[in-house]
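A.B. asks: Dropping in run30.txt, with compact mmCIF, N, CA and C atoms.
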```
# COMPACT_ATOMS: atom_id res chain seq x y z
N MET A 1 91.32 89.27 -68.25
CA MET A 1 91.11 90.49 -68.99
C MET A 1 92.46 91.19 -69.18
N VAL A 2 92.56 91.99 -70.22
CA VAL A 2 93.78 92.68 -70.59
C VAL A 2 93.84 94.04 -69.93
N PRO A 3 95.03 94.51 -69.53
CA PRO A 3 95.13 95.86 -68.97
C PRO A 3 94.57 96.89 -69.94
N MET A 4 94.00 97.93 -69.43
CA MET A 4 93.35 98.94 -70.25
C MET A 4 94.25 99.56 -71.32
N PRO A 5 95.53 99.85 -71.06
CA PRO A 5 96.32 100.45 -72.14
C PRO A 5 96.39 99.56 -73.38
N LEU A 6 96.45 98.24 -73.21
CA LEU A 6 96.47 97.34 -74.36
C LEU A 6 95.13 97.37 -75.08
N ILE A 7 94.04 97.42 -74.32
CA ILE A 7 92.72 97.51 -74.93
C ILE A 7 92.62 98.78 -75.76
N ALA A 8 93.12 99.88 -75.24
CA ALA A 8 93.07 101.14 -75.97
C ALA A 8 93.86 101.03 -77.27
N ARG A 9 95.02 100.38 -77.23
CA ARG A 9 95.82 100.21 -78.46
C ARG A 9 95.07 99.36 -79.48
N VAL A 10 94.43 98.29 -79.02
CA VAL A 10 93.67 97.42 -79.93
C VAL A 10 92.55 98.20 -80.60
N PHE A 11 91.84 98.99 -79.81
CA PHE A 11 90.73 99.75 -80.39
C PHE A 11 91.23 100.85 -81.31
N CYS A 12 92.40 101.39 -81.04
CA CYS A 12 92.98 102.37 -81.96
C CYS A 12 93.31 101.69 -83.29
N ILE A 13 93.85 100.48 -83.22
CA ILE A 13 94.14 99.73 -84.45
C ILE A 13 92.85 99.47 -85.22
N LEU A 14 91.80 99.04 -84.50
CA LEU A 14 90.52 98.79 -85.16
C LEU A 14 89.93 100.07 -85.73
N LEU A 15 90.05 101.15 -84.99
CA LEU A 15 89.52 102.42 -85.46
C LEU A 15 90.21 102.85 -86.74
N ILE A 16 91.52 102.69 -86.78
CA ILE A 16 92.27 103.03 -87.99
C ILE A 16 91.85 102.12 -89.14
N ALA A 17 91.71 100.83 -88.86
CA ALA A 17 91.31 99.89 -89.89
C ALA A 17 89.92 100.21 -90.42
N LEU A 18 89.02 100.62 -89.55
CA LEU A 18 87.66 100.89 -89.97
C LEU A 18 87.51 102.22 -90.69
N THR A 19 88.39 103.17 -90.42
CA THR A 19 88.25 104.47 -91.06
C THR A 19 89.16 104.65 -92.26
N ALA A 20 90.31 104.05 -92.26
CA ALA A 20 91.26 104.20 -93.37
C ALA A 20 91.25 102.94 -94.20
N CYS A 21 90.34 102.85 -95.12
CA CYS A 21 90.17 101.65 -95.91
C CYS A 21 90.93 101.75 -97.21
N PRO A 22 91.67 100.79 -97.68
CA PRO A 22 92.04 99.61 -96.94
C PRO A 22 93.21 99.91 -96.02
N ALA A 23 93.14 99.41 -94.82
CA ALA A 23 94.21 99.65 -93.84
C ALA A 23 95.33 98.66 -94.08
N ALA A 24 96.53 99.09 -93.79
CA ALA A 24 97.67 98.20 -93.95
C ALA A 24 97.84 97.38 -92.69
N ALA A 25 97.89 96.09 -92.85
CA ALA A 25 98.09 95.21 -91.70
C ALA A 25 99.54 95.30 -91.28
N GLN A 26 99.74 95.49 -90.00
CA GLN A 26 101.09 95.59 -89.49
C GLN A 26 101.42 94.31 -88.76
N LYS A 27 102.56 93.73 -89.11
CA LYS A 27 103.00 92.52 -88.45
C LYS A 27 103.91 92.90 -87.31
N GLN A 28 103.72 92.24 -86.19
CA GLN A 28 104.57 92.50 -85.05
C GLN A 28 105.82 91.65 -85.18
N SER A 29 106.94 92.20 -84.74
CA SER A 29 108.17 91.44 -84.80
C SER A 29 108.16 90.39 -83.72
N PRO A 30 108.80 89.23 -84.00
CA PRO A 30 108.81 88.17 -83.01
C PRO A 30 109.55 88.60 -81.76
N SER A 31 109.20 88.02 -80.67
CA SER A 31 109.80 88.35 -79.39
C SER A 31 111.26 87.96 -79.37
N ALA A 32 112.06 88.74 -78.70
CA ALA A 32 113.48 88.47 -78.62
C ALA A 32 113.74 87.25 -77.75
N SER A 33 112.85 86.97 -76.85
CA SER A 33 113.02 85.83 -75.97
C SER A 33 112.63 84.55 -76.71
N SER A 34 113.43 83.51 -76.52
CA SER A 34 113.12 82.24 -77.18
C SER A 34 112.35 81.32 -76.26
N ALA A 35 112.12 81.74 -75.02
CA ALA A 35 111.37 80.92 -74.08
C ALA A 35 109.89 80.98 -74.42
N PRO A 36 109.20 79.84 -74.33
CA PRO A 36 107.76 79.86 -74.63
C PRO A 36 107.00 80.66 -73.60
N ALA A 37 105.95 81.30 -74.05
CA ALA A 37 105.13 82.10 -73.15
C ALA A 37 104.31 81.18 -72.25
N VAL A 38 104.24 81.52 -71.00
CA VAL A 38 103.46 80.75 -70.05
C VAL A 38 102.13 81.45 -69.86
N THR A 39 101.06 80.72 -70.08
CA THR A 39 99.74 81.30 -69.89
C THR A 39 99.08 80.64 -68.69
N ILE A 40 98.57 81.46 -67.83
CA ILE A 40 97.89 80.98 -66.65
C ILE A 40 96.40 81.21 -66.85
N PRO A 41 95.62 80.14 -66.88
CA PRO A 41 94.18 80.32 -67.07
C PRO A 41 93.61 81.18 -65.96
N SER A 42 92.75 82.08 -66.35
CA SER A 42 92.09 82.93 -65.36
C SER A 42 90.59 82.71 -65.46
N GLU A 43 89.91 83.11 -64.42
CA GLU A 43 88.47 82.99 -64.42
C GLU A 43 87.90 83.94 -65.47
N GLU A 44 86.98 83.41 -66.24
CA GLU A 44 86.39 84.24 -67.29
C GLU A 44 85.27 85.09 -66.69
N LYS A 45 85.46 86.39 -66.81
CA LYS A 45 84.46 87.33 -66.35
C LYS A 45 84.12 88.24 -67.52
N PRO A 46 82.85 88.49 -67.73
CA PRO A 46 82.51 89.38 -68.85
C PRO A 46 83.01 90.79 -68.57
N ALA A 47 83.53 91.41 -69.60
CA ALA A 47 83.94 92.80 -69.50
C ALA A 47 82.69 93.67 -69.62
N PRO A 48 82.71 94.86 -69.07
CA PRO A 48 81.52 95.71 -69.13
C PRO A 48 81.17 96.13 -70.57
N TYR A 49 82.12 95.99 -71.47
CA TYR A 49 81.90 96.37 -72.86
C TYR A 49 81.70 95.16 -73.77
N ASP A 50 81.44 93.98 -73.23
CA ASP A 50 81.32 92.78 -74.05
C ASP A 50 80.20 92.88 -75.10
N GLY A 51 79.09 93.49 -74.75
CA GLY A 51 78.00 93.64 -75.72
C GLY A 51 78.45 94.44 -76.93
N GLN A 52 79.15 95.54 -76.67
CA GLN A 52 79.66 96.37 -77.76
C GLN A 52 80.75 95.63 -78.54
N LEU A 53 81.55 94.86 -77.83
CA LEU A 53 82.62 94.10 -78.46
C LEU A 53 82.06 93.02 -79.38
N LEU A 54 80.98 92.38 -78.96
CA LEU A 54 80.33 91.37 -79.80
C LEU A 54 79.78 92.01 -81.08
N ARG A 55 79.20 93.18 -80.94
CA ARG A 55 78.69 93.89 -82.13
C ARG A 55 79.85 94.28 -83.04
N LEU A 56 80.95 94.74 -82.47
CA LEU A 56 82.11 95.10 -83.27
C LEU A 56 82.65 93.89 -84.03
N ALA A 57 82.69 92.74 -83.38
CA ALA A 57 83.14 91.52 -84.05
C ALA A 57 82.22 91.17 -85.21
N GLU A 58 80.93 91.34 -85.01
CA GLU A 58 79.96 91.06 -86.07
C GLU A 58 80.16 92.02 -87.25
N ILE A 59 80.42 93.26 -86.95
CA ILE A 59 80.69 94.25 -88.00
C ILE A 59 81.95 93.89 -88.77
N LEU A 60 82.99 93.48 -88.06
CA LEU A 60 84.23 93.09 -88.74
C LEU A 60 83.98 91.91 -89.69
N GLY A 61 83.17 90.95 -89.27
CA GLY A 61 82.84 89.83 -90.15
C GLY A 61 82.06 90.27 -91.37
N SER A 62 81.12 91.17 -91.18
CA SER A 62 80.33 91.68 -92.31
C SER A 62 81.20 92.44 -93.30
N VAL A 63 82.03 93.32 -92.79
CA VAL A 63 82.91 94.10 -93.66
C VAL A 63 83.89 93.18 -94.39
N HIS A 64 84.39 92.17 -93.69
CA HIS A 64 85.30 91.22 -94.32
C HIS A 64 84.63 90.54 -95.52
N TYR A 65 83.40 90.08 -95.34
CA TYR A 65 82.68 89.44 -96.45
C TYR A 65 82.43 90.42 -97.59
N LEU A 66 81.91 91.59 -97.27
CA LEU A 66 81.53 92.55 -98.31
C LEU A 66 82.75 93.03 -99.09
N ARG A 67 83.86 93.25 -98.43
CA ARG A 67 85.07 93.69 -99.14
C ARG A 67 85.60 92.58 -100.04
N THR A 68 85.54 91.34 -99.57
CA THR A 68 85.96 90.22 -100.40
C THR A 68 85.05 90.11 -101.62
N LEU A 69 83.76 90.25 -101.40
CA LEU A 69 82.78 90.16 -102.48
C LEU A 69 83.04 91.20 -103.56
N CYS A 70 83.41 92.38 -103.15
CA CYS A 70 83.61 93.48 -104.10
C CYS A 70 85.05 93.58 -104.59
N GLY A 71 85.85 92.58 -104.32
CA GLY A 71 87.20 92.52 -104.88
C GLY A 71 88.23 93.38 -104.19
N ALA A 72 87.91 93.93 -103.04
CA ALA A 72 88.87 94.75 -102.31
C ALA A 72 89.69 93.85 -101.38
N ASP A 73 90.84 94.33 -100.99
CA ASP A 73 91.67 93.59 -100.06
C ASP A 73 90.93 93.49 -98.74
N SER A 74 90.70 92.27 -98.29
CA SER A 74 89.93 92.10 -97.06
C SER A 74 90.71 91.41 -95.96
N ALA A 75 91.97 91.10 -96.19
CA ALA A 75 92.77 90.40 -95.18
C ALA A 75 92.90 91.23 -93.91
N ASP A 76 92.88 92.55 -94.04
CA ASP A 76 93.03 93.42 -92.87
C ASP A 76 91.91 93.21 -91.85
N TRP A 77 90.73 92.87 -92.30
CA TRP A 77 89.58 92.73 -91.40
C TRP A 77 89.72 91.47 -90.58
N ARG A 78 90.16 90.40 -91.21
CA ARG A 78 90.40 89.16 -90.46
C ARG A 78 91.58 89.37 -89.50
N THR A 79 92.60 90.08 -89.95
CA THR A 79 93.75 90.38 -89.09
C THR A 79 93.32 91.24 -87.91
N SER A 80 92.45 92.21 -88.15
CA SER A 80 91.94 93.05 -87.06
C SER A 80 91.18 92.21 -86.04
N MET A 81 90.40 91.27 -86.54
CA MET A 81 89.65 90.40 -85.64
C MET A 81 90.61 89.53 -84.83
N GLN A 82 91.64 89.01 -85.47
CA GLN A 82 92.61 88.18 -84.76
C GLN A 82 93.34 88.99 -83.69
N THR A 83 93.67 90.23 -84.01
CA THR A 83 94.32 91.12 -83.04
C THR A 83 93.40 91.34 -81.84
N LEU A 84 92.13 91.56 -82.12
CA LEU A 84 91.16 91.76 -81.06
C LEU A 84 91.05 90.51 -80.18
N LEU A 85 90.97 89.35 -80.80
CA LEU A 85 90.88 88.09 -80.04
C LEU A 85 92.12 87.87 -79.18
N ASP A 86 93.29 88.11 -79.77
CA ASP A 86 94.54 87.90 -79.04
C ASP A 86 94.66 88.83 -77.83
N ALA A 87 94.20 90.06 -77.99
CA ALA A 87 94.30 91.04 -76.91
C ALA A 87 93.24 90.82 -75.83
N GLU A 88 92.04 90.49 -76.24
CA GLU A 88 90.92 90.40 -75.31
C GLU A 88 90.76 89.04 -74.65
N THR A 89 91.16 87.98 -75.33
CA THR A 89 90.80 86.65 -74.83
C THR A 89 91.98 85.66 -74.79
N PRO A 90 93.16 86.08 -74.33
CA PRO A 90 94.28 85.15 -74.36
C PRO A 90 94.07 83.90 -73.51
N ASN A 91 93.35 84.03 -72.41
CA ASN A 91 93.11 82.90 -71.50
C ASN A 91 91.62 82.71 -71.22
N GLU A 92 90.78 83.13 -72.15
CA GLU A 92 89.34 83.05 -71.95
C GLU A 92 88.68 82.41 -73.17
N PRO A 93 88.73 81.09 -73.27
CA PRO A 93 88.22 80.41 -74.47
C PRO A 93 86.73 80.63 -74.72
N LYS A 94 85.93 80.79 -73.69
CA LYS A 94 84.49 80.99 -73.91
C LYS A 94 84.21 82.37 -74.50
N ARG A 95 84.89 83.39 -74.01
CA ARG A 95 84.74 84.73 -74.60
C ARG A 95 85.25 84.72 -76.03
N ARG A 96 86.35 84.03 -76.27
CA ARG A 96 86.92 83.93 -77.62
C ARG A 96 85.91 83.27 -78.57
N GLU A 97 85.27 82.20 -78.09
CA GLU A 97 84.26 81.53 -78.91
C GLU A 97 83.09 82.45 -79.24
N LYS A 98 82.66 83.24 -78.25
CA LYS A 98 81.55 84.17 -78.49
C LYS A 98 81.92 85.23 -79.52
N LEU A 99 83.12 85.78 -79.39
CA LEU A 99 83.56 86.81 -80.35
C LEU A 99 83.72 86.21 -81.74
N THR A 100 84.28 85.02 -81.82
CA THR A 100 84.44 84.35 -83.12
C THR A 100 83.08 84.06 -83.74
N ALA A 101 82.14 83.61 -82.92
CA ALA A 101 80.78 83.35 -83.43
C ALA A 101 80.14 84.63 -83.95
N SER A 102 80.36 85.75 -83.28
CA SER A 102 79.81 87.02 -83.76
C SER A 102 80.42 87.41 -85.10
N PHE A 103 81.74 87.26 -85.23
CA PHE A 103 82.41 87.55 -86.50
C PHE A 103 81.81 86.68 -87.61
N ASN A 104 81.68 85.39 -87.34
CA ASN A 104 81.13 84.48 -88.35
C ASN A 104 79.67 84.77 -88.67
N ARG A 105 78.90 85.18 -87.67
CA ARG A 105 77.50 85.54 -87.89
C ARG A 105 77.41 86.76 -88.83
N GLY A 106 78.27 87.74 -88.61
CA GLY A 106 78.29 88.91 -89.48
C GLY A 106 78.66 88.53 -90.91
N TYR A 107 79.63 87.65 -91.04
CA TYR A 107 80.07 87.18 -92.36
C TYR A 107 78.92 86.46 -93.07
N ARG A 108 78.30 85.51 -92.37
CA ARG A 108 77.23 84.70 -92.98
C ARG A 108 75.98 85.52 -93.27
N ALA A 109 75.71 86.54 -92.46
CA ALA A 109 74.50 87.34 -92.67
C ALA A 109 74.50 87.97 -94.06
N PHE A 110 75.65 88.47 -94.48
CA PHE A 110 75.72 89.08 -95.80
C PHE A 110 75.94 88.05 -96.89
N ALA A 111 76.57 86.95 -96.56
CA ALA A 111 76.78 85.89 -97.56
C ALA A 111 75.45 85.33 -98.03
N GLY A 112 74.44 85.33 -97.15
CA GLY A 112 73.13 84.83 -97.52
C GLY A 112 72.31 85.82 -98.34
N VAL A 113 72.71 87.08 -98.35
CA VAL A 113 71.94 88.12 -99.03
C VAL A 113 72.64 88.59 -100.31
N HIS A 114 73.92 88.84 -100.23
CA HIS A 114 74.67 89.40 -101.36
C HIS A 114 75.58 88.34 -101.97
N THR A 115 75.32 88.01 -103.23
CA THR A 115 76.17 87.04 -103.92
C THR A 115 77.02 87.71 -105.00
N THR A 116 76.70 88.94 -105.31
CA THR A 116 77.50 89.73 -106.24
C THR A 116 77.68 91.12 -105.66
N CYS A 117 78.73 91.78 -106.11
CA CYS A 117 78.99 93.13 -105.63
C CYS A 117 78.04 94.10 -106.32
N THR A 118 77.21 94.73 -105.53
CA THR A 118 76.24 95.69 -106.05
C THR A 118 76.44 97.01 -105.32
N SER A 119 75.73 98.01 -105.76
CA SER A 119 75.82 99.29 -105.06
C SER A 119 75.28 99.16 -103.64
N ALA A 120 74.28 98.30 -103.45
CA ALA A 120 73.75 98.07 -102.10
C ALA A 120 74.81 97.42 -101.20
N ALA A 121 75.59 96.49 -101.75
CA ALA A 121 76.66 95.84 -100.98
C ALA A 121 77.73 96.86 -100.61
N ARG A 122 78.09 97.73 -101.56
CA ARG A 122 79.10 98.76 -101.28
C ARG A 122 78.59 99.74 -100.22
N GLN A 123 77.33 100.09 -100.32
CA GLN A 123 76.74 101.02 -99.35
C GLN A 123 76.68 100.37 -97.96
N ALA A 124 76.31 99.10 -97.90
CA ALA A 124 76.28 98.40 -96.61
C ALA A 124 77.67 98.33 -96.00
N GLU A 125 78.68 98.06 -96.82
CA GLU A 125 80.06 97.99 -96.33
C GLU A 125 80.49 99.34 -95.75
N GLU A 126 80.15 100.42 -96.42
CA GLU A 126 80.51 101.75 -95.93
C GLU A 126 79.79 102.06 -94.61
N ARG A 127 78.52 101.72 -94.54
CA ARG A 127 77.75 101.98 -93.31
C ARG A 127 78.30 101.17 -92.14
N TYR A 128 78.64 99.94 -92.42
CA TYR A 128 79.18 99.10 -91.35
C TYR A 128 80.56 99.58 -90.90
N ARG A 129 81.38 100.02 -91.84
CA ARG A 129 82.68 100.59 -91.46
C ARG A 129 82.48 101.80 -90.56
N ASN A 130 81.53 102.66 -90.92
CA ASN A 130 81.25 103.85 -90.10
C ASN A 130 80.74 103.47 -88.71
N GLU A 131 79.83 102.51 -88.65
CA GLU A 131 79.31 102.05 -87.36
C GLU A 131 80.44 101.45 -86.52
N GLY A 132 81.29 100.64 -87.16
CA GLY A 132 82.41 100.03 -86.45
C GLY A 132 83.39 101.05 -85.92
N ALA A 133 83.68 102.06 -86.73
CA ALA A 133 84.60 103.12 -86.30
C ALA A 133 84.03 103.87 -85.10
N THR A 134 82.75 104.18 -85.15
CA THR A 134 82.09 104.86 -84.03
C THR A 134 82.11 103.99 -82.78
N LEU A 135 81.80 102.73 -82.94
CA LEU A 135 81.77 101.80 -81.81
C LEU A 135 83.16 101.64 -81.20
N ALA A 136 84.18 101.46 -82.03
CA ALA A 136 85.55 101.32 -81.53
C ALA A 136 85.98 102.57 -80.78
N ALA A 137 85.64 103.74 -81.31
CA ALA A 137 85.99 105.00 -80.65
C ALA A 137 85.28 105.13 -79.31
N GLU A 138 84.01 104.75 -79.26
CA GLU A 138 83.25 104.83 -78.01
C GLU A 138 83.84 103.90 -76.96
N ILE A 139 84.17 102.68 -77.35
CA ILE A 139 84.73 101.71 -76.39
C ILE A 139 86.07 102.22 -75.88
N ALA A 140 86.91 102.68 -76.78
CA ALA A 140 88.24 103.18 -76.38
C ALA A 140 88.11 104.39 -75.47
N ALA A 141 87.19 105.29 -75.79
CA ALA A 141 87.03 106.50 -74.98
C ALA A 141 86.48 106.18 -73.59
N ARG A 142 85.56 105.25 -73.52
CA ARG A 142 84.93 104.96 -72.24
C ARG A 142 85.75 104.02 -71.37
N TYR A 143 86.37 103.00 -71.99
CA TYR A 143 87.03 101.98 -71.20
C TYR A 143 88.54 101.94 -71.39
N GLY A 144 89.08 102.76 -72.26
CA GLY A 144 90.50 102.71 -72.56
C GLY A 144 91.40 103.46 -71.62
N ASN A 145 90.87 104.19 -70.68
CA ASN A 145 91.70 104.97 -69.77
C ASN A 145 92.00 104.25 -68.50
```
Just dump the structure as C-alpha cells.
C.D. replies:
Amino acid sequence: MVPMPLIARVFCILLIALTACPAAAQKQSPSASSAPAVTIPSEEKPAPYDGQLLRLAEILGSVHYLRTLCGADSADWRTSMQTLLDAETPNEPKRREKLTASFNRGYRAFAGVHTTCTSAARQAEERYRNEGATLAAEIAARYGN
C-alpha cells in the first residue's frame, strides 16, 4: 500500500479531473536517477477504501467512454486511471487487476447502451463526474490524512 500523503495527492488529481472538465493531463518529469527502480513484492492486503476505489475506477471507465462518444477529449480519464493504478498498486497485481476490471466494466456498461451521443449520454456523463468527484473527495478526506 502507498503512504497516505501520496494517496491524498492521487485523489486530489482525480478530484480535479472529475470537477474541471476537461482536465489537463500533467506529465511527470523523468527521474534524475538513471538507475532502474527496484520493486519489492509485498503482501497484498485490501485497503479499507477498496470498495469505494473500485466504484471510482468504474466511474472513470464510464466517463472515459461517454466523453469519447460525445467527441470530447477523453485521454485525461484513462490517464487518471493509470495514475491511480500506479499509486495504489505498484506491487499488488491482484488489486491492479480488480481496479482495471472495474474501469473496463464501467466502459463496457455504457458501450452496450449508448452508441451515439445523446442528451441522455451527456447527462449520464455529468452525473458520473459528480459522483466521482464526491467519492474522490470522501476517500481523500477520510483516508488521506
A.B. asks: Looking at all atoms listed in the file, which of A:Pro48, A:Arg105, A:Gln82, A:Pro90 is the one that sits closest to A:Ser62?
C.D. replies: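 Checking each candidate against A:Ser62, we get A:Arg105 as the closest.
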A.B. asks: Just checking: using only C-alpha atoms, which residue out of A:Arg122, A:Val63, A:Leu54, A:Thr134 ends up closest to A:Glu88?
C.D. replies: A:Leu54
A.B. asks: Measuring atom to atom with only C-alpha atoms, identify which of A:Asn130, A:Ser102, A:Leu85, A:Ala121 is nearest to A:Gly71.
C.D. replies: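 Going through A:Asn130, A:Ser102, A:Leu85, A:Ala121 one by one, the smallest distance to A:Gly71 is for A:Ala121.
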A.B. asks: Atom N of A:Tyr107 and atom N of A:Gly61 are how many Å apart?
C.D. replies: 5.2 Å
A.B. asks: Using DSSP on the backbone coordinates, identify all residues within stretch 45-97 of chain A classified as alpha helix (DSSP H); present the result as a ChimeraX atom specification.
C.D. replies: /A:50-69,75-88,93-97
A.B. asks: Can you measure atom N of A:Arg127 to atom N of A:Arg67 for me? One decimal in Å is fine.
C.D. replies: 10.7 Å
A.B. asks: Between atom C of A:Lys94 and atom C of A:Lys45, measure the distance and give it in Å to one decimal.
C.D. replies: 9.1 Å
A.B. asks: I want to know what sits within 10 Å of stretch 112-120 of chain A, based on only C-alpha atoms, with residues of the same chain fewer than 6 positions away left out; could you give that as a list in words?
C.D. replies: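 Result of the neighbour search: Tyr65, Leu66, Arg67, Thr68, Leu69, Cys70, Gly71 and Glu126 of chain A.
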A.B. asks: Compare A:Arg142, A:Asp73, A:Thr83, A:Ala57 by their minimum atom-to-atom distance to A:Leu99, counting all atoms listed in the file, and give me the closest one.
C.D. replies: A:Ala57
A.B. asks: Compare A:Glu138, A:Phe103, A:Gly132, A:Ala109 by their minimum atom-to-atom distance to A:Met81, counting only N, CA and C atoms, and give me the closest one.
C.D. replies: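 Closest residue, counting only N, CA and C atoms: A:Phe103.
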A.B. asks: Go through A:Phe110, A:Pro46, A:Leu56, A:His64 one by one, measure the shortest atom-to-atom distance of each to A:Leu135 using only N, CA and C atoms, and give the residue with the smallest value.
C.D. replies: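 Going through A:Phe110, A:Pro46, A:Leu56, A:His64 one by one, the smallest distance to A:Leu135 is for A:Leu56.
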A.B. asks: Since the input has fewer atoms than a full residue there, write stretch 103-111 of chain A out with all heavy atoms, as a PDB file, keeping the file's coordinate frame.
C.D. replies:
```pdb
ATOM      1  N   PHE A 103      81.740  87.260 -85.230  1.00  0.00           N
ATOM      2  CA  PHE A 103      82.410  87.550 -86.500  1.00  0.00           C
ATOM      3  C   PHE A 103      81.810  86.680 -87.610  1.00  0.00           C
ATOM      4  O   PHE A 103      81.440  87.189 -88.673  1.00  0.00           O
ATOM      5  CB  PHE A 103      83.912  87.271 -86.367  1.00  0.00           C
ATOM      6  CG  PHE A 103      84.698  87.531 -87.618  1.00  0.00           C
ATOM      7  CD1 PHE A 103      85.221  88.789 -87.870  1.00  0.00           C
ATOM      8  CD2 PHE A 103      84.936  86.522 -88.538  1.00  0.00           C
ATOM      9  CE1 PHE A 103      85.959  89.037 -89.025  1.00  0.00           C
ATOM     10  CE2 PHE A 103      85.671  86.760 -89.686  1.00  0.00           C
ATOM     11  CZ  PHE A 103      86.184  88.025 -89.927  1.00  0.00           C
ATOM     12  N   ASN A 104      81.680  85.390 -87.340  1.00  0.00           N
ATOM     13  CA  ASN A 104      81.130  84.480 -88.350  1.00  0.00           C
ATOM     14  C   ASN A 104      79.670  84.770 -88.670  1.00  0.00           C
ATOM     15  O   ASN A 104      79.244  84.663 -89.816  1.00  0.00           O
ATOM     16  CB  ASN A 104      81.295  83.028 -87.879  1.00  0.00           C
ATOM     17  CG  ASN A 104      82.740  82.600 -87.852  1.00  0.00           C
ATOM     18  OD1 ASN A 104      83.586  83.155 -88.549  1.00  0.00           O
ATOM     19  ND2 ASN A 104      83.045  81.607 -87.036  1.00  0.00           N
ATOM     20  N   ARG A 105      78.900  85.180 -87.670  1.00  0.00           N
ATOM     21  CA  ARG A 105      77.500  85.540 -87.890  1.00  0.00           C
ATOM     22  C   ARG A 105      77.410  86.760 -88.830  1.00  0.00           C
ATOM     23  O   ARG A 105      76.585  86.793 -89.741  1.00  0.00           O
ATOM     24  CB  ARG A 105      76.810  85.829 -86.553  1.00  0.00           C
ATOM     25  CG  ARG A 105      75.340  86.120 -86.670  1.00  0.00           C
ATOM     26  CD  ARG A 105      74.621  86.270 -85.324  1.00  0.00           C
ATOM     27  NE  ARG A 105      75.366  86.969 -84.286  1.00  0.00           N
ATOM     28  CZ  ARG A 105      75.974  86.370 -83.260  1.00  0.00           C
ATOM     29  NH1 ARG A 105      75.945  85.067 -83.126  1.00  0.00           N
ATOM     30  NH2 ARG A 105      76.618  87.085 -82.345  1.00  0.00           N
ATOM     31  N   GLY A 106      78.270  87.740 -88.610  1.00  0.00           N
ATOM     32  CA  GLY A 106      78.290  88.910 -89.480  1.00  0.00           C
ATOM     33  C   GLY A 106      78.660  88.530 -90.910  1.00  0.00           C
ATOM     34  O   GLY A 106      78.075  89.027 -91.872  1.00  0.00           O
ATOM     35  N   TYR A 107      79.630  87.650 -91.040  1.00  0.00           N
ATOM     36  CA  TYR A 107      80.070  87.180 -92.360  1.00  0.00           C
ATOM     37  C   TYR A 107      78.920  86.460 -93.070  1.00  0.00           C
ATOM     38  O   TYR A 107      78.599  86.759 -94.219  1.00  0.00           O
ATOM     39  CB  TYR A 107      81.272  86.245 -92.188  1.00  0.00           C
ATOM     40  CG  TYR A 107      81.916  85.818 -93.475  1.00  0.00           C
ATOM     41  CD1 TYR A 107      83.007  86.505 -93.980  1.00  0.00           C
ATOM     42  CD2 TYR A 107      81.444  84.731 -94.177  1.00  0.00           C
ATOM     43  CE1 TYR A 107      83.618  86.115 -95.158  1.00  0.00           C
ATOM     44  CE2 TYR A 107      82.046  84.329 -95.365  1.00  0.00           C
ATOM     45  CZ  TYR A 107      83.134  85.015 -95.848  1.00  0.00           C
ATOM     46  OH  TYR A 107      83.729  84.630 -97.017  1.00  0.00           O
ATOM     47  N   ARG A 108      78.300  85.510 -92.370  1.00  0.00           N
ATOM     48  CA  ARG A 108      77.230  84.700 -92.980  1.00  0.00           C
ATOM     49  C   ARG A 108      75.980  85.520 -93.270  1.00  0.00           C
ATOM     50  O   ARG A 108      75.249  85.213 -94.213  1.00  0.00           O
ATOM     51  CB  ARG A 108      76.898  83.518 -92.086  1.00  0.00           C
ATOM     52  CG  ARG A 108      77.921  82.417 -92.133  1.00  0.00           C
ATOM     53  CD  ARG A 108      77.430  81.158 -91.444  1.00  0.00           C
ATOM     54  NE  ARG A 108      77.045  81.388 -90.065  1.00  0.00           N
ATOM     55  CZ  ARG A 108      77.841  81.244 -89.012  1.00  0.00           C
ATOM     56  NH1 ARG A 108      79.084  80.867 -89.190  1.00  0.00           N
ATOM     57  NH2 ARG A 108      77.397  81.466 -87.800  1.00  0.00           N
ATOM     58  N   ALA A 109      75.710  86.540 -92.460  1.00  0.00           N
ATOM     59  CA  ALA A 109      74.500  87.340 -92.670  1.00  0.00           C
ATOM     60  C   ALA A 109      74.500  87.970 -94.060  1.00  0.00           C
ATOM     61  O   ALA A 109      73.474  87.988 -94.743  1.00  0.00           O
ATOM     62  CB  ALA A 109      74.392  88.421 -91.604  1.00  0.00           C
ATOM     63  N   PHE A 110      75.650  88.470 -94.480  1.00  0.00           N
ATOM     64  CA  PHE A 110      75.720  89.080 -95.800  1.00  0.00           C
ATOM     65  C   PHE A 110      75.940  88.050 -96.890  1.00  0.00           C
ATOM     66  O   PHE A 110      75.537  88.255 -98.036  1.00  0.00           O
ATOM     67  CB  PHE A 110      76.783  90.181 -95.835  1.00  0.00           C
ATOM     68  CG  PHE A 110      76.275  91.457 -95.239  1.00  0.00           C
ATOM     69  CD1 PHE A 110      76.562  91.774 -93.919  1.00  0.00           C
ATOM     70  CD2 PHE A 110      75.480  92.322 -95.967  1.00  0.00           C
ATOM     71  CE1 PHE A 110      76.075  92.938 -93.351  1.00  0.00           C
ATOM     72  CE2 PHE A 110      74.988  93.483 -95.411  1.00  0.00           C
ATOM     73  CZ  PHE A 110      75.288  93.799 -94.094  1.00  0.00           C
ATOM     74  N   ALA A 111      76.570  86.950 -96.560  1.00  0.00           N
ATOM     75  CA  ALA A 111      76.780  85.890 -97.560  1.00  0.00           C
ATOM     76  C   ALA A 111      75.450  85.330 -98.030  1.00  0.00           C
ATOM     77  O   ALA A 111      75.308  84.923 -99.181  1.00  0.00           O
ATOM     78  CB  ALA A 111      77.652  84.778 -96.982  1.00  0.00           C
TER      79      ALA A 111
END
```
